[in-house]
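Structure data (mmCIF, C-alpha atoms) from coords.cif:
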data_input
loop_
_atom_site.group_PDB
_atom_site.id
_atom_site.type_symbol
_atom_site.label_atom_id
_atom_site.label_comp_id
_atom_site.auth_asym_id
_atom_site.auth_seq_id
_atom_site.Cartn_x
_atom_site.Cartn_y
_atom_site.Cartn_z
ATOM 1 C CA MET A 1 2.444 -16.468 5.349
ATOM 2 C CA ILE A 2 -1.310 -16.372 4.780
ATOM 3 C CA LEU A 3 -2.655 -14.306 1.892
ATOM 4 C CA CYS A 4 -6.429 -13.942 1.723
ATOM 5 C CA GLY A 5 -8.332 -13.266 -1.531
ATOM 6 C CA GLN A 6 -7.030 -10.654 -3.987
ATOM 7 C CA VAL A 7 -3.866 -9.697 -2.096
ATOM 8 C CA GLY A 8 -1.389 -7.856 -4.302
ATOM 9 C CA LEU A 9 2.387 -7.950 -3.842
ATOM 10 C CA SER A 10 4.392 -5.900 -6.303
ATOM 11 C CA GLY A 11 8.035 -5.798 -7.241
ATOM 12 C CA SER A 12 10.665 -7.297 -4.966
ATOM 13 C CA THR A 13 8.688 -7.378 -1.734
ATOM 14 C CA THR A 14 9.853 -9.372 1.269
ATOM 15 C CA VAL A 15 7.211 -10.710 3.646
ATOM 16 C CA GLY A 16 8.256 -12.292 6.939
ATOM 17 C CA ASP A 17 7.139 -15.701 8.192
ATOM 18 C CA PHE A 18 3.787 -15.984 10.001
ATOM 19 C CA THR A 19 2.439 -12.799 8.381
ATOM 20 C CA VAL A 20 -1.276 -12.567 7.551
ATOM 21 C CA MET A 21 -2.671 -10.208 4.918
ATOM 22 C CA GLY A 22 -6.439 -9.668 4.699
ATOM 23 C CA GLY A 23 -8.480 -9.591 1.498
ATOM 24 C CA LYS A 24 -7.624 -6.913 -1.082
ATOM 25 C CA ALA A 25 -4.571 -5.766 0.913
ATOM 26 C CA GLY A 26 -1.668 -4.564 -1.170
ATOM 27 C CA MET A 27 2.030 -3.920 -0.870
ATOM 28 C CA GLY A 28 4.140 -1.568 -2.962
ATOM 29 C CA PRO A 29 7.437 -2.465 -4.646
ATOM 30 C CA ASP A 30 10.745 -3.072 -2.853
ATOM 31 C CA LEU A 31 9.249 -3.130 0.666
ATOM 32 C CA GLU A 32 9.841 -5.367 3.656
ATOM 33 C CA LEU A 33 7.439 -6.641 6.322
ATOM 34 C CA GLY A 34 8.908 -8.251 9.402
ATOM 35 C CA MET A 35 7.836 -11.541 10.949
ATOM 36 C CA ALA A 36 4.313 -12.078 12.325
ATOM 37 C CA CYS A 37 2.744 -8.897 10.914
ATOM 38 C CA GLN A 38 -1.026 -8.561 10.586
ATOM 39 C CA ILE A 39 -2.346 -6.490 7.683
ATOM 40 C CA ALA A 40 -6.064 -5.636 7.598
ATOM 41 C CA GLY A 41 -8.169 -6.103 4.495
ATOM 42 C CA ASN A 42 -8.002 -3.210 2.000
ATOM 43 C CA ALA A 43 -4.809 -1.875 3.611
ATOM 44 C CA MET A 44 -2.066 -0.550 1.339
ATOM 45 C CA VAL A 45 1.468 -0.972 2.669
ATOM 46 C CA THR A 46 3.660 1.834 1.331
ATOM 47 C CA ASN A 47 6.753 1.579 3.543
ATOM 48 C CA ASP A 48 8.773 -0.986 5.537
ATOM 49 C CA TRP A 49 7.394 -2.228 8.882
ATOM 50 C CA PRO A 50 9.111 -4.141 11.702
ATOM 51 C CA ALA A 51 8.107 -7.541 13.081
ATOM 52 C CA LYS A 52 4.713 -7.912 14.816
ATOM 53 C CA SER A 53 3.224 -4.768 13.261
ATOM 54 C CA VAL A 54 -0.582 -4.630 13.142
ATOM 55 C CA LEU A 55 -1.624 -2.323 10.298
ATOM 56 C CA ALA A 56 -4.771 -0.966 8.653
ATOM 57 C CA GLY A 57 -5.787 1.824 6.276
ATOM 58 C CA HIS A 58 -4.584 3.400 3.076
ATOM 59 C CA PRO A 59 -1.724 4.109 3.439
ATOM 60 C CA ALA A 60 -1.227 1.438 6.093
ATOM 61 C CA ARG A 61 -0.496 2.690 9.589
ATOM 62 C CA PRO A 62 -0.689 1.138 13.068
ATOM 63 C CA LEU A 63 -4.172 -0.192 13.794
ATOM 64 C CA ASN A 64 -4.809 1.963 16.881
ATOM 65 C CA GLU A 65 -3.857 5.126 14.974
ATOM 66 C CA TRP A 66 -6.151 4.193 12.079
ATOM 67 C CA MET A 67 -9.049 3.454 14.466
ATOM 68 C CA ARG A 68 -8.637 6.834 16.202
ATOM 69 C CA GLY A 69 -8.849 8.535 12.807
ATOM 70 C CA VAL A 70 -12.028 6.653 11.880
ATOM 71 C CA ALA A 71 -13.605 7.478 15.263
ATOM 72 C CA TYR A 72 -12.762 11.173 14.820
ATOM 73 C CA LEU A 73 -14.346 11.285 11.360
ATOM 74 C CA ARG A 74 -17.474 9.568 12.656
ATOM 75 C CA ARG A 75 -17.806 11.995 15.603
ATOM 76 C CA GLU A 76 -17.380 14.984 13.316
ATOM 77 C CA SER A 77 -19.899 13.718 10.792
ATOM 78 C CA LEU A 78 -22.549 13.167 13.491
ATOM 79 C CA LYS A 79 -22.276 16.679 14.959
ATOM 80 C CA LYS A 80 -25.355 18.808 14.457
ATOM 81 C CA LYS A 81 -24.796 21.753 12.203
ATOM 82 C CA GLU A 82 -25.735 25.144 13.623
#
Can you give me the file's structure in the form of C-alpha coordinates?
Amino acid sequence: MILCGQVGLSGSTTVGDFTVMGGKAGMGPDLELGMACQIAGNAMVTNDWPAKSVLAGHPARPLNEWMRGVAYLRRESLKKKE
(Lines of atoms letter the chains of each structure in order from A and count residues from 1; the text may use other names and numbers.)
(Lines give C-alpha, C1' and ligand atoms only; values in the text may rest on other atoms or scores of the structure.)
Protein backbone atom coordinates (compact mmCIF):
# COMPACT_ATOMS: atom_id res chain seq x y z
CA MET A 1 0.00 0.00 0.00
CA ILE A 2 1.22 3.49 -0.85
CA LEU A 3 -0.27 6.44 1.03
CA CYS A 4 0.71 9.88 -0.24
CA GLY A 5 0.72 13.01 1.97
CA GLN A 6 -2.20 13.68 4.33
CA VAL A 7 -4.19 10.52 3.60
CA GLY A 8 -6.80 9.82 6.26
CA LEU A 9 -8.03 6.35 7.22
CA SER A 10 -10.68 6.24 9.92
CA GLY A 11 -12.06 3.49 12.09
CA SER A 12 -11.56 -0.15 11.16
CA THR A 13 -10.76 0.27 7.48
CA THR A 14 -9.28 -2.54 5.42
CA VAL A 15 -7.08 -1.61 2.47
CA GLY A 16 -5.93 -4.30 0.04
CA ASP A 17 -2.34 -4.92 -1.03
CA PHE A 18 -0.89 -2.82 -3.87
CA THR A 19 -3.41 0.00 -3.32
CA VAL A 20 -2.33 3.60 -3.94
CA MET A 21 -4.07 6.59 -2.36
CA GLY A 22 -3.26 10.10 -3.60
CA GLY A 23 -2.64 13.13 -1.40
CA LYS A 24 -5.47 14.26 0.90
CA ALA A 25 -7.60 11.21 0.01
CA GLY A 26 -9.76 9.90 2.80
CA MET A 27 -11.66 6.79 3.77
CA GLY A 28 -14.62 6.54 6.13
CA PRO A 29 -14.95 4.06 9.00
CA ASP A 30 -15.52 0.31 8.63
CA LEU A 31 -14.91 0.21 4.86
CA GLU A 32 -13.00 -2.18 2.64
CA LEU A 33 -10.95 -1.55 -0.50
CA GLY A 34 -9.93 -4.53 -2.57
CA MET A 35 -6.46 -5.26 -3.91
CA ALA A 36 -4.71 -2.93 -6.38
CA CYS A 37 -7.15 -0.01 -6.11
CA GLN A 38 -6.15 3.49 -7.22
CA ILE A 39 -7.65 6.42 -5.32
CA ALA A 40 -7.14 9.94 -6.71
CA GLY A 41 -5.99 12.81 -4.55
CA ASN A 42 -8.78 14.57 -2.61
CA ALA A 43 -11.14 11.61 -3.12
CA MET A 44 -13.36 10.55 -0.23
CA VAL A 45 -14.19 6.84 -0.11
CA THR A 46 -17.60 6.37 1.51
CA ASN A 47 -18.43 2.75 0.63
CA ASP A 48 -16.72 -0.59 -0.11
CA TRP A 49 -15.04 -1.10 -3.51
CA PRO A 50 -13.83 -4.29 -5.21
CA ALA A 51 -10.28 -5.05 -6.35
CA LYS A 52 -8.73 -2.91 -9.13
CA SER A 53 -11.16 -0.01 -8.69
CA VAL A 54 -9.96 3.36 -9.97
CA LEU A 55 -11.78 6.11 -8.06
CA ALA A 56 -11.96 9.90 -7.88
CA GLY A 57 -14.24 12.60 -6.47
CA HIS A 58 -16.16 13.31 -3.31
CA PRO A 59 -17.83 10.92 -2.71
CA ALA A 60 -15.48 8.61 -4.59
CA ARG A 61 -16.88 7.01 -7.72
CA PRO A 62 -15.33 5.33 -10.78
CA LEU A 63 -12.85 7.63 -12.51
CA ASN A 64 -14.62 7.67 -15.90
CA GLU A 65 -17.93 8.60 -14.25
CA TRP A 66 -16.28 11.41 -12.28
CA MET A 67 -14.55 12.75 -15.42
CA ARG A 68 -17.85 12.79 -17.36
CA GLY A 69 -19.39 14.84 -14.55
CA VAL A 70 -16.53 17.35 -14.58
CA ALA A 71 -16.72 17.66 -18.39
CA TYR A 72 -20.48 18.28 -18.20
CA LEU A 73 -20.06 21.03 -15.61
CA ARG A 74 -17.34 22.68 -17.69
CA ARG A 75 -19.47 22.60 -20.87
CA GLU A 76 -22.44 24.08 -19.04
CA SER A 77 -20.39 26.83 -17.45
CA LEU A 78 -18.93 27.89 -20.81
CA LYS A 79 -22.30 28.21 -22.57
CA LYS A 80 -23.22 31.74 -23.53
CA LYS A 81 -26.19 33.08 -21.67
CA GLU A 82 -29.02 34.42 -23.81
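Evaluated against this file, the PyMOL selection byres ((chain A and resi 61) around 10) yields Ile39, Ala43, Met44, Val45, Thr46, Asn47, Trp49, Ser53, Val54, Leu55, Ala56, Gly57, His58, Pro59, Ala60, Pro62, Leu63, Asn64, Glu65, Trp66 and Met67 of chain A.
When atom CA of A:Met21 is paired with atom CA of A:Ala51, their separation reads 13.8 Å.
Once the PyMOL selection byres ((chain A and resi 16) around 9) is applied to the depicted file, the selected set reads Met1, Thr14, Val15, Asp17, Phe18, Thr19, Glu32, Leu33, Gly34, Met35, Ala36, Cys37 and Ala51 of chain A.
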| message | As an exercise, work out the distance from atom CA of A:Gly28 to atom CA of A:Arg74 in Å and give it to one decimal place. | response | 28.9 Å
